[in-house]
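Text of target23.pdb, listed as PDB, C-alpha atoms, pLDDT in the B column:
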ATOM      1  CA  MET A   1     144.746 145.370  55.535  1.00 46.00           C
ATOM      2  CA  SER A   2     142.765 148.532  56.049  1.00 50.00           C
ATOM      3  CA  LEU A   3     144.352 151.691  57.295  1.00 58.00           C
ATOM      4  CA  PRO A   4     143.887 152.418  60.980  1.00 63.00           C
ATOM      5  CA  ASN A   5     141.068 154.892  61.275  1.00 80.00           C
ATOM      6  CA  ARG A   6     139.277 156.702  64.049  1.00 84.00           C
ATOM      7  CA  ARG A   7     136.262 154.396  64.224  1.00 83.00           C
ATOM      8  CA  ASP A   8     138.371 151.307  64.703  1.00 85.00           C
ATOM      9  CA  ALA A   9     140.388 153.065  67.361  1.00 87.00           C
ATOM     10  CA  GLU A  10     137.180 154.019  69.146  1.00 85.00           C
ATOM     11  CA  VAL A  11     135.939 150.433  69.175  1.00 87.00           C
ATOM     12  CA  ARG A  12     139.327 149.240  70.342  1.00 88.00           C
ATOM     13  CA  ARG A  13     139.205 151.713  73.194  1.00 87.00           C
ATOM     14  CA  LEU A  14     135.747 150.448  74.088  1.00 86.00           C
ATOM     15  CA  LEU A  15     137.018 146.885  74.284  1.00 87.00           C
ATOM     16  CA  ASP A  16     140.278 147.739  75.982  1.00 86.00           C
ATOM     17  CA  THR A  17     139.272 147.317  79.592  1.00 85.00           C
ATOM     18  CA  ARG A  18     140.809 145.394  82.440  1.00 87.00           C
ATOM     19  CA  HIS A  19     140.845 141.634  82.167  1.00 90.00           C
ATOM     20  CA  PRO A  20     138.283 139.928  84.388  1.00 90.00           C
ATOM     21  CA  MET A  21     139.468 137.957  87.375  1.00 90.00           C
ATOM     22  CA  VAL A  22     140.215 134.369  86.483  1.00 91.00           C
ATOM     23  CA  PRO A  23     138.823 131.943  89.088  1.00 92.00           C
ATOM     24  CA  LEU A  24     141.594 130.130  90.887  1.00 91.00           C
ATOM     25  CA  ASP A  25     140.322 126.654  90.149  1.00 93.00           C
ATOM     26  CA  LEU A  26     139.665 127.220  86.456  1.00 94.00           C
ATOM     27  CA  ALA A  27     143.011 125.826  85.334  1.00 94.00           C
ATOM     28  CA  ALA A  28     142.612 122.825  87.614  1.00 95.00           C
ATOM     29  CA  ARG A  29     139.120 122.159  86.307  1.00 96.00           C
ATOM     30  CA  ALA A  30     140.333 122.463  82.725  1.00 96.00           C
ATOM     31  CA  MET A  31     143.185 120.096  83.518  1.00 96.00           C
ATOM     32  CA  ALA A  32     140.854 117.493  84.983  1.00 96.00           C
ATOM     33  CA  ARG A  33     138.586 117.748  81.990  1.00 97.00           C
ATOM     34  CA  GLY A  34     141.523 117.544  79.621  1.00 96.00           C
ATOM     35  CA  ARG A  35     142.716 114.401  81.371  1.00 96.00           C
ATOM     36  CA  ARG A  36     139.292 112.916  80.867  1.00 97.00           C
ATOM     37  CA  ILE A  37     139.495 113.738  77.160  1.00 97.00           C
ATOM     38  CA  VAL A  38     142.923 112.125  76.940  1.00 95.00           C
ATOM     39  CA  ARG A  39     141.702 109.012  78.727  1.00 96.00           C
ATOM     40  CA  ARG A  40     138.695 108.741  76.454  1.00 97.00           C
ATOM     41  CA  ARG A  41     140.874 109.123  73.380  1.00 97.00           C
ATOM     42  CA  ARG A  42     143.225 106.472  74.628  1.00 96.00           C
ATOM     43  CA  ALA A  43     140.345 104.065  75.239  1.00 98.00           C
ATOM     44  CA  VAL A  44     138.943 104.661  71.764  1.00 98.00           C
ATOM     45  CA  HIS A  45     142.362 104.088  70.216  1.00 98.00           C
ATOM     46  CA  ALA A  46     142.812 100.871  72.172  1.00 98.00           C
ATOM     47  CA  VAL A  47     139.410  99.575  71.061  1.00 98.00           C
ATOM     48  CA  LEU A  48     140.133 100.425  67.443  1.00 98.00           C
ATOM     49  CA  TRP A  49     143.517  98.704  67.551  1.00 98.00           C
ATOM     50  CA  VAL A  50     141.970  95.594  69.102  1.00 98.00           C
ATOM     51  CA  LEU A  51     139.314  95.546  66.398  1.00 98.00           C
ATOM     52  CA  LEU A  52     141.910  95.915  63.668  1.00 98.00           C
ATOM     53  CA  LEU A  53     144.098  93.149  65.059  1.00 98.00           C
ATOM     54  CA  ALA A  54     141.077  90.885  65.509  1.00 98.00           C
ATOM     55  CA  ALA A  55     140.057  91.491  61.919  1.00 98.00           C
ATOM     56  CA  VAL A  56     143.544  90.693  60.641  1.00 98.00           C
ATOM     57  CA  ALA A  57     143.730  87.530  62.757  1.00 98.00           C
ATOM     58  CA  THR A  58     140.315  86.432  61.558  1.00 97.00           C
ATOM     59  CA  GLY A  59     141.343  86.995  57.976  1.00 97.00           C
ATOM     60  CA  ILE A  60     144.506  84.946  58.379  1.00 97.00           C
ATOM     61  CA  VAL A  61     142.691  82.106  60.106  1.00 97.00           C
ATOM     62  CA  LEU A  62     139.970  82.027  57.486  1.00 96.00           C
ATOM     63  CA  ALA A  63     142.540  82.092  54.702  1.00 94.00           C
ATOM     64  CA  VAL A  64     144.447  79.200  56.250  1.00 93.00           C
ATOM     65  CA  LEU A  65     141.325  77.110  56.854  1.00 93.00           C
ATOM     66  CA  ALA A  66     139.405  77.799  53.672  1.00 90.00           C
ATOM     67  CA  TRP A  67     142.177  78.253  51.103  1.00 87.00           C
ATOM     68  CA  PRO A  68     141.637  75.874  48.176  1.00 84.00           C
ATOM     69  CA  ASP A  69     144.535  73.430  47.888  1.00 78.00           C
ATOM     70  CA  ARG A  70     144.524  73.490  44.181  1.00 75.00           C
ATOM     71  CA  PRO A  71     142.929  76.127  42.070  1.00 67.00           C
ATOM     72  CA  ALA A  72     140.098  74.623  40.106  1.00 67.00           C
ATOM     73  CA  ALA A  73     141.316  73.961  36.591  1.00 68.00           C
ATOM     74  CA  THR A  74     138.973  75.682  34.270  1.00 67.00           C
ATOM     75  CA  PRO A  75     139.119  74.655  30.660  1.00 69.00           C
ATOM     76  CA  HIS A  76     139.873  77.665  28.595  1.00 73.00           C
ATOM     77  CA  ASP A  77     137.536  77.353  25.720  1.00 78.00           C
ATOM     78  CA  GLY A  78     135.649  80.613  25.785  1.00 78.00           C
ATOM     79  CA  PRO A  79     136.643  83.799  24.117  1.00 81.00           C
ATOM     80  CA  TRP A  80     139.785  85.540  25.421  1.00 78.00           C
ATOM     81  CA  TRP A  81     138.046  88.013  27.756  1.00 81.00           C
ATOM     82  CA  THR A  82     136.514  85.301  29.923  1.00 73.00           C
ATOM     83  CA  GLY A  83     139.973  84.245  31.047  1.00 62.00           C
TER      84      GLY A  83
ATOM     85  CA  MET B   1     145.812 110.683  86.726  1.00 52.00           C
ATOM     86  CA  PRO B   2     147.152 107.388  85.442  1.00 52.00           C
ATOM     87  CA  SER B   3     148.771 105.395  88.180  1.00 54.00           C
ATOM     88  CA  PRO B   4     152.549 105.322  87.835  1.00 51.00           C
ATOM     89  CA  GLY B   5     152.695 101.584  88.435  1.00 58.00           C
ATOM     90  CA  ARG B   6     150.667 100.719  85.378  1.00 61.00           C
ATOM     91  CA  VAL B   7     151.903 103.098  82.763  1.00 64.00           C
ATOM     92  CA  GLY B   8     155.459 103.527  81.663  1.00 86.00           C
ATOM     93  CA  LYS B   9     157.899 105.850  83.319  1.00 91.00           C
ATOM     94  CA  ARG B  10     158.338 107.898  80.171  1.00 91.00           C
ATOM     95  CA  ARG B  11     154.669 108.647  79.956  1.00 89.00           C
ATOM     96  CA  THR B  12     154.578 109.649  83.600  1.00 91.00           C
ATOM     97  CA  THR B  13     157.353 112.153  83.145  1.00 93.00           C
ATOM     98  CA  ALA B  14     155.693 113.473  79.975  1.00 92.00           C
ATOM     99  CA  GLU B  15     152.426 113.937  81.850  1.00 91.00           C
ATOM    100  CA  ALA B  16     154.205 115.777  84.638  1.00 94.00           C
ATOM    101  CA  ARG B  17     155.900 118.041  82.103  1.00 93.00           C
ATOM    102  CA  ARG B  18     152.609 118.710  80.375  1.00 93.00           C
ATOM    103  CA  ASP B  19     150.930 119.556  83.666  1.00 94.00           C
ATOM    104  CA  ALA B  20     153.657 122.020  84.564  1.00 95.00           C
ATOM    105  CA  GLU B  21     153.747 123.666  81.137  1.00 94.00           C
ATOM    106  CA  PHE B  22     149.992 123.849  80.943  1.00 95.00           C
ATOM    107  CA  ALA B  23     149.739 125.410  84.391  1.00 94.00           C
ATOM    108  CA  VAL B  24     152.192 128.112  83.348  1.00 95.00           C
ATOM    109  CA  PHE B  25     150.308 128.704  80.110  1.00 95.00           C
ATOM    110  CA  ALA B  26     146.914 128.880  81.802  1.00 94.00           C
ATOM    111  CA  ALA B  27     148.191 131.286  84.419  1.00 93.00           C
ATOM    112  CA  GLY B  28     149.664 133.523  81.753  1.00 93.00           C
ATOM    113  CA  ALA B  29     146.968 133.484  79.093  1.00 94.00           C
ATOM    114  CA  GLY B  30     143.895 132.853  81.218  1.00 94.00           C
ATOM    115  CA  GLY B  31     143.043 136.484  81.839  1.00 94.00           C
ATOM    116  CA  ARG B  32     143.120 137.541  78.239  1.00 95.00           C
ATOM    117  CA  LEU B  33     141.300 134.442  77.028  1.00 96.00           C
ATOM    118  CA  LEU B  34     138.639 134.905  79.691  1.00 95.00           C
ATOM    119  CA  HIS B  35     138.238 138.496  78.597  1.00 95.00           C
ATOM    120  CA  ALA B  36     137.695 137.378  75.012  1.00 95.00           C
ATOM    121  CA  ALA B  37     135.224 134.720  76.143  1.00 95.00           C
ATOM    122  CA  LEU B  38     133.398 137.304  78.223  1.00 94.00           C
ATOM    123  CA  LEU B  39     133.142 139.635  75.245  1.00 93.00           C
ATOM    124  CA  LEU B  40     131.764 136.782  73.176  1.00 94.00           C
ATOM    125  CA  THR B  41     129.233 135.345  75.587  1.00 93.00           C
ATOM    126  CA  GLY B  42     128.477 138.431  77.639  1.00 90.00           C
ATOM    127  CA  ASP B  43     127.922 136.327  80.732  1.00 90.00           C
ATOM    128  CA  PRO B  44     130.709 135.528  83.219  1.00 91.00           C
ATOM    129  CA  GLU B  45     129.461 132.031  83.968  1.00 93.00           C
ATOM    130  CA  ALA B  46     129.072 131.083  80.318  1.00 93.00           C
ATOM    131  CA  ALA B  47     132.481 132.596  79.610  1.00 94.00           C
ATOM    132  CA  GLU B  48     134.062 130.438  82.296  1.00 95.00           C
ATOM    133  CA  ASP B  49     132.387 127.334  80.944  1.00 95.00           C
ATOM    134  CA  LEU B  50     133.533 128.125  77.430  1.00 95.00           C
ATOM    135  CA  LEU B  51     137.078 128.823  78.547  1.00 96.00           C
ATOM    136  CA  THR B  52     137.210 125.639  80.622  1.00 96.00           C
ATOM    137  CA  ALA B  53     136.181 123.589  77.606  1.00 96.00           C
ATOM    138  CA  VAL B  54     138.728 125.358  75.429  1.00 96.00           C
ATOM    139  CA  LEU B  55     141.553 124.902  77.915  1.00 96.00           C
ATOM    140  CA  ALA B  56     140.662 121.250  78.380  1.00 97.00           C
ATOM    141  CA  ARG B  57     140.979 120.753  74.659  1.00 96.00           C
ATOM    142  CA  VAL B  58     144.302 122.580  74.598  1.00 96.00           C
ATOM    143  CA  TYR B  59     145.504 120.372  77.440  1.00 96.00           C
ATOM    144  CA  ALA B  60     144.480 117.243  75.587  1.00 95.00           C
ATOM    145  CA  ASP B  61     146.190 118.418  72.395  1.00 95.00           C
ATOM    146  CA  TRP B  62     149.314 119.639  74.173  1.00 94.00           C
ATOM    147  CA  PHE B  63     151.627 117.029  72.659  1.00 92.00           C
ATOM    148  CA  ARG B  64     150.051 117.225  69.249  1.00 90.00           C
ATOM    149  CA  MET B  65     150.985 120.832  68.656  1.00 86.00           C
ATOM    150  CA  ARG B  66     154.694 120.666  68.315  1.00 76.00           C
ATOM    151  CA  ALA B  67     155.861 124.112  67.300  1.00 76.00           C
ATOM    152  CA  GLU B  68     152.532 125.898  67.335  1.00 84.00           C
ATOM    153  CA  ASP B  69     151.759 128.644  69.752  1.00 92.00           C
ATOM    154  CA  PRO B  70     149.378 127.302  72.410  1.00 94.00           C
ATOM    155  CA  TYR B  71     147.803 130.722  72.710  1.00 95.00           C
ATOM    156  CA  GLU B  72     147.022 130.743  69.020  1.00 92.00           C
ATOM    157  CA  ALA B  73     145.540 127.262  69.288  1.00 93.00           C
ATOM    158  CA  ALA B  74     143.434 128.249  72.293  1.00 95.00           C
ATOM    159  CA  ARG B  75     142.185 131.339  70.520  1.00 94.00           C
ATOM    160  CA  CYS B  76     141.226 129.383  67.413  1.00 93.00           C
ATOM    161  CA  GLU B  77     139.463 126.805  69.539  1.00 94.00           C
ATOM    162  CA  LEU B  78     137.606 129.518  71.437  1.00 96.00           C
ATOM    163  CA  PHE B  79     136.345 131.137  68.256  1.00 95.00           C
ATOM    164  CA  ARG B  80     135.481 127.803  66.706  1.00 94.00           C
ATOM    165  CA  ARG B  81     133.530 126.682  69.717  1.00 94.00           C
ATOM    166  CA  PHE B  82     131.634 129.927  69.840  1.00 94.00           C
ATOM    167  CA  PHE B  83     130.981 129.796  66.102  1.00 93.00           C
ATOM    168  CA  TYR B  84     129.488 126.303  66.254  1.00 92.00           C
ATOM    169  CA  ARG B  85     127.293 126.998  69.229  1.00 91.00           C
ATOM    170  CA  PRO B  86     123.620 126.126  68.710  1.00 90.00           C
ATOM    171  CA  TRP B  87     121.235 128.975  68.101  1.00 87.00           C
ATOM    172  CA  TRP B  88     119.401 128.587  71.398  1.00 88.00           C
ATOM    173  CA  ARG B  89     122.552 129.452  73.316  1.00 86.00           C
ATOM    174  CA  ARG B  90     122.490 132.971  72.040  1.00 84.00           C
ATOM    175  CA  PRO B  91     124.775 135.381  73.843  1.00 84.00           C
ATOM    176  CA  ARG B  92     123.274 138.395  75.541  1.00 83.00           C
ATOM    177  CA  GLY B  93     124.497 141.235  77.657  1.00 82.00           C
ATOM    178  CA  GLY B  94     128.021 142.392  78.225  1.00 81.00           C
ATOM    179  CA  VAL B  95     129.902 145.180  76.522  1.00 83.00           C
ATOM    180  CA  LEU B  96     128.791 144.021  73.078  1.00 87.00           C
ATOM    181  CA  GLY B  97     125.220 143.468  74.250  1.00 87.00           C
ATOM    182  CA  ARG B  98     123.570 144.965  71.202  1.00 87.00           C
ATOM    183  CA  LEU B  99     125.371 142.886  68.609  1.00 89.00           C
ATOM    184  CA  SER B 100     124.399 139.555  67.171  1.00 90.00           C
ATOM    185  CA  ALA B 101     126.549 136.488  67.734  1.00 91.00           C
ATOM    186  CA  GLN B 102     128.285 136.830  64.399  1.00 92.00           C
ATOM    187  CA  GLU B 103     129.012 140.491  64.944  1.00 93.00           C
ATOM    188  CA  ARG B 104     130.361 139.747  68.403  1.00 93.00           C
ATOM    189  CA  LEU B 105     132.644 137.126  66.941  1.00 94.00           C
ATOM    190  CA  VAL B 106     133.956 139.415  64.210  1.00 95.00           C
ATOM    191  CA  VAL B 107     134.433 142.376  66.542  1.00 94.00           C
ATOM    192  CA  THR B 108     136.215 140.276  69.134  1.00 94.00           C
ATOM    193  CA  MET B 109     138.459 138.665  66.556  1.00 95.00           C
ATOM    194  CA  ARG B 110     139.337 141.839  64.742  1.00 93.00           C
ATOM    195  CA  TYR B 111     139.419 144.531  67.382  1.00 93.00           C
ATOM    196  CA  PHE B 112     140.128 142.692  70.613  1.00 93.00           C
ATOM    197  CA  GLU B 113     142.464 139.978  69.378  1.00 93.00           C
ATOM    198  CA  GLY B 114     143.748 141.875  66.380  1.00 91.00           C
ATOM    199  CA  VAL B 115     143.325 139.036  63.900  1.00 92.00           C
ATOM    200  CA  ALA B 116     143.768 140.281  60.342  1.00 92.00           C
ATOM    201  CA  GLU B 117     140.735 140.648  58.138  1.00 92.00           C
ATOM    202  CA  GLU B 118     141.785 137.941  55.696  1.00 93.00           C
ATOM    203  CA  GLN B 119     142.551 135.509  58.485  1.00 93.00           C
ATOM    204  CA  THR B 120     139.187 136.196  60.092  1.00 94.00           C
ATOM    205  CA  ALA B 121     137.500 135.564  56.771  1.00 95.00           C
ATOM    206  CA  ALA B 122     139.399 132.333  56.294  1.00 94.00           C
ATOM    207  CA  GLN B 123     138.600 131.094  59.781  1.00 92.00           C
ATOM    208  CA  LEU B 124     134.913 131.848  59.526  1.00 93.00           C
ATOM    209  CA  GLY B 125     134.636 130.667  55.935  1.00 93.00           C
ATOM    210  CA  LEU B 126     133.256 133.985  54.706  1.00 93.00           C
ATOM    211  CA  PRO B 127     134.507 136.309  51.999  1.00 95.00           C
ATOM    212  CA  ALA B 128     136.590 139.247  53.162  1.00 94.00           C
ATOM    213  CA  GLU B 129     134.026 141.753  51.917  1.00 94.00           C
ATOM    214  CA  ARG B 130     131.439 140.173  54.161  1.00 95.00           C
ATOM    215  CA  ILE B 131     133.748 140.513  57.148  1.00 95.00           C
ATOM    216  CA  ARG B 132     134.270 144.157  56.257  1.00 94.00           C
ATOM    217  CA  THR B 133     130.512 144.714  56.018  1.00 94.00           C
ATOM    218  CA  ILE B 134     129.816 142.968  59.311  1.00 95.00           C
ATOM    219  CA  SER B 135     132.503 144.859  61.166  1.00 93.00           C
ATOM    220  CA  ALA B 136     131.380 148.176  59.685  1.00 93.00           C
ATOM    221  CA  ARG B 137     127.813 147.519  60.788  1.00 93.00           C
ATOM    222  CA  ALA B 138     128.909 146.382  64.241  1.00 93.00           C
ATOM    223  CA  THR B 139     131.153 149.404  64.609  1.00 91.00           C
ATOM    224  CA  ALA B 140     128.311 151.716  63.657  1.00 91.00           C
ATOM    225  CA  THR B 141     125.988 150.047  66.160  1.00 90.00           C
ATOM    226  CA  LEU B 142     128.571 150.226  68.910  1.00 88.00           C
ATOM    227  CA  ARG B 143     129.357 153.872  68.262  1.00 86.00           C
ATOM    228  CA  SER B 144     125.721 154.893  68.050  1.00 86.00           C
ATOM    229  CA  SER B 145     124.884 153.109  71.297  1.00 77.00           C
ATOM    230  CA  ASP B 146     127.981 154.598  72.865  1.00 71.00           C
ATOM    231  CA  ALA B 147     126.931 158.083  71.822  1.00 67.00           C
ATOM    232  CA  ALA B 148     123.400 157.506  73.089  1.00 62.00           C
ATOM    233  CA  GLY B 149     124.814 156.582  76.465  1.00 52.00           C
ATOM    234  CA  PRO B 150     126.250 153.253  77.581  1.00 49.00           C
ATOM    235  CA  ALA B 151     123.553 152.729  80.212  1.00 46.00           C
ATOM    236  CA  ALA B 152     120.617 153.725  77.983  1.00 42.00           C
ATOM    237  CA  GLY B 153     120.295 150.376  76.216  1.00 39.00           C
ATOM    238  CA  HIS B 154     117.128 151.189  74.254  1.00 40.00           C
ATOM    239  CA  GLY B 155     116.432 148.972  71.269  1.00 37.00           C
ATOM    240  CA  GLY B 156     116.678 149.831  67.608  1.00 36.00           C
ATOM    241  CA  ALA B 157     120.001 151.276  66.633  1.00 35.00           C
ATOM    242  CA  PRO B 158     119.603 152.378  63.035  1.00 37.00           C
ATOM    243  CA  GLY B 159     122.821 152.104  61.135  1.00 35.00           C
ATOM    244  CA  GLY B 160     121.881 155.085  58.996  1.00 36.00           C
ATOM    245  CA  ARG B 161     122.043 157.342  62.007  1.00 36.00           C
ATOM    246  CA  ALA B 162     125.589 156.374  62.800  1.00 36.00           C
ATOM    247  CA  GLY B 163     127.099 158.974  60.523  1.00 36.00           C
ATOM    248  CA  ALA B 164     124.915 161.727  61.925  1.00 37.00           C
ATOM    249  CA  THR B 165     125.740 160.664  65.471  1.00 35.00           C
ATOM    250  CA  GLY B 166     129.425 160.550  64.651  1.00 35.00           C
ATOM    251  CA  GLY B 167     129.164 164.056  63.229  1.00 35.00           C
ATOM    252  CA  GLY B 168     127.499 165.196  66.430  1.00 35.00           C
ATOM    253  CA  VAL B 169     130.246 163.678  68.517  1.00 35.00           C
ATOM    254  CA  ALA B 170     132.870 165.284  66.315  1.00 35.00           C
ATOM    255  CA  ALA B 171     131.161 168.670  66.541  1.00 35.00           C
ATOM    256  CA  ARG B 172     131.139 168.625  70.337  1.00 33.00           C
TER     257      ARG B 172
END

Written as structure tokens, how would this file's structure read?
Amino acid sequence: MSLPNRRDAEVRRLLDTRHPMVPLDLAARAMARGRRIVRRRRAVHAVLWVLLLAAVATGIVLAVLAWPDRPAATPHDGPWWTG
Amino acid sequence: MPSPGRVGKRRTTAEARRDAEFAVFAAGAGGRLLHAALLLTGDPEAAEDLLTAVLARVYADWFRMRAEDPYEAARCELFRRFFYRPWWRRPRGGVLGRLSAQERLVVTMRYFEGVAEEQTAAQLGLPAERIRTISARATATLRSSDAAGPAAGHGGAPGGRAGATGGGVAAR
């Protein structure tokens, strides 16, 4: 933190003017836009959840349908690292 | 507005609470934030657009920030948005009309909002020495243009003359 000096104080004084008038409908506009953002986020989340659930369901169905009843018995006559 | 028949009652009450809290926040902090946006962009219309986008984001994130200060979040968002603006949307005019975008950002953060030097450096991803250099240069430019007359606005403010000008002001 630098010490407060005269130059900084001068710049601060230059910037220290009255706040501009805020338009009356600015908050309302921001609120409407924020609601749109929230709605968009919600839609994206819903789509992602649906995709995830669909993927899980597909995986389960495929596993049930295509699971081998009996694992193929492989004769173990190779070296040990081939299983 | 989500219709109350479709969504749950809890969400409806939460939305109503958010609307009320956000309205209070916007009424309280809007003036100062708009002033900062005006210093950054130099143009009232662009400042309003920037502030609307920032406030919309704050509104959307209202439930996400639990214990944070919404003003702090809005300020960060304002600076971030201005920082990541494309180069063709260069700010011009305003009180800081003779500074570049980066200098405007640093001056507004440090002298208008009073953000500490280290925090400014961390937010902008620059070393603290760089921030010090930028703010020293911007300060010199501002003071020299101020000494030359606020309405003069002629180009070319040599930083080397700042000391001489300051001496002249001090001598008067």

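Residue neighbourhood of stretch 128-133 of chain B, excluding near-sequence residues (fewer than 3 positions): Met1, Ser2 and Asp8 of chain A; Gln102, Glu103, Arg104, Leu105, Val106, Val107, Met109, Arg110, Val115, Ala116, Glu117, Glu118, Gln119, Thr120, Ala121, Ala122, Gln123, Leu124, Gly125, Ala136, Arg137, Ala138, Thr139, Ala140 and Gly159 of chain B, at 12 Å, using all atoms listed in the file.
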
Using only C-alpha atoms, which chain A residues lie at most 9 Å away from chain B, written as a PyMOL selection string?
chain A and resi 1-2+7-12+14-23+26-39

Axis-aligned box over every listed atom of stretch 59-62 of chain B, padded by 4 Å per side: centre and edges in Å to one decimal, as JSON?
{"center_x": 146.9, "center_y": 118.8, "center_z": 74.9, "size_x": 12.8, "size_y": 11.1, "size_z": 13.0}

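Between B:Ser145 and the residues B:Leu126, B:Arg81, B:Leu99, B:Ala47, the shortest atom-to-atom distance, using all atoms listed in the file, involves B:Leu99.
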
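Atom to atom, atom CA of B:Thr141 and atom CA of B:Arg98 stand 7.6 Å apart.
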
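Taking atom CA of A:Val61 as the reference point, atom CA of A:Val44 is found at 25.7 Å.
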
Completion step: stretch 10-24 of chain A with N, CA and C atoms as a PDB file, keeping the file's coordinate frame:
ATOM      1  N   GLU A  10     138.212 153.816  68.130  1.00 85.00           N
ATOM      2  CA  GLU A  10     137.180 154.019  69.146  1.00 85.00           C
ATOM      3  C   GLU A  10     136.679 152.679  69.684  1.00 85.00           C
ATOM      4  N   VAL A  11     136.418 151.753  68.749  1.00 87.00           N
ATOM      5  CA  VAL A  11     135.939 150.433  69.175  1.00 87.00           C
ATOM      6  C   VAL A  11     136.995 149.732  69.994  1.00 87.00           C
ATOM      7  N   ARG A  12     138.250 149.880  69.574  1.00 88.00           N
ATOM      8  CA  ARG A  12     139.327 149.240  70.342  1.00 88.00           C
ATOM      9  C   ARG A  12     139.370 149.796  71.757  1.00 88.00           C
ATOM     10  N   ARG A  13     139.174 151.106  71.860  1.00 87.00           N
ATOM     11  CA  ARG A  13     139.205 151.713  73.194  1.00 87.00           C
ATOM     12  C   ARG A  13     138.037 151.194  74.037  1.00 87.00           C
ATOM     13  N   LEU A  14     136.910 150.969  73.370  1.00 86.00           N
ATOM     14  CA  LEU A  14     135.747 150.448  74.088  1.00 86.00           C
ATOM     15  C   LEU A  14     136.024 149.050  74.646  1.00 86.00           C
ATOM     16  N   LEU A  15     136.749 148.265  73.862  1.00 87.00           N
ATOM     17  CA  LEU A  15     137.018 146.885  74.284  1.00 87.00           C
ATOM     18  C   LEU A  15     138.202 146.800  75.227  1.00 87.00           C
ATOM     19  N   ASP A  16     139.017 147.818  75.258  1.00 86.00           N
ATOM     20  CA  ASP A  16     140.278 147.739  75.982  1.00 86.00           C
ATOM     21  C   ASP A  16     140.064 148.073  77.449  1.00 86.00           C
ATOM     22  N   THR A  17     139.476 147.137  78.156  1.00 85.00           N
ATOM     23  CA  THR A  17     139.272 147.317  79.592  1.00 85.00           C
ATOM     24  C   THR A  17     140.139 146.318  80.337  1.00 85.00           C
ATOM     25  N   ARG A  18     140.010 146.339  81.652  1.00 87.00           N
ATOM     26  CA  ARG A  18     140.809 145.394  82.440  1.00 87.00           C
ATOM     27  C   ARG A  18     140.315 143.965  82.221  1.00 87.00           C
ATOM     28  N   HIS A  19     141.249 143.032  82.286  1.00 90.00           N
ATOM     29  CA  HIS A  19     140.845 141.634  82.167  1.00 90.00           C
ATOM     30  C   HIS A  19     140.040 141.233  83.396  1.00 90.00           C
ATOM     31  N   PRO A  20     139.033 140.394  83.210  1.00 90.00           N
ATOM     32  CA  PRO A  20     138.283 139.928  84.388  1.00 90.00           C
ATOM     33  C   PRO A  20     139.142 138.986  85.229  1.00 90.00           C
ATOM     34  N   MET A  21     138.735 138.841  86.474  1.00 90.00           N
ATOM     35  CA  MET A  21     139.468 137.957  87.375  1.00 90.00           C
ATOM     36  C   MET A  21     139.246 136.503  86.977  1.00 90.00           C
ATOM     37  N   VAL A  22     140.336 135.788  86.821  1.00 91.00           N
ATOM     38  CA  VAL A  22     140.215 134.369  86.483  1.00 91.00           C
ATOM     39  C   VAL A  22     140.020 133.594  87.773  1.00 91.00           C
ATOM     40  N   PRO A  23     138.994 132.745  87.870  1.00 92.00           N
ATOM     41  CA  PRO A  23     138.823 131.943  89.088  1.00 92.00           C
ATOM     42  C   PRO A  23     140.028 131.043  89.306  1.00 92.00           C
ATOM     43  N   LEU A  24     140.348 130.835  90.575  1.00 91.00           N
ATOM     44  CA  LEU A  24     141.594 130.130  90.887  1.00 91.00           C
ATOM     45  C   LEU A  24     141.567 128.685  90.422  1.00 91.00           C
TER      46      LEU A  24
END
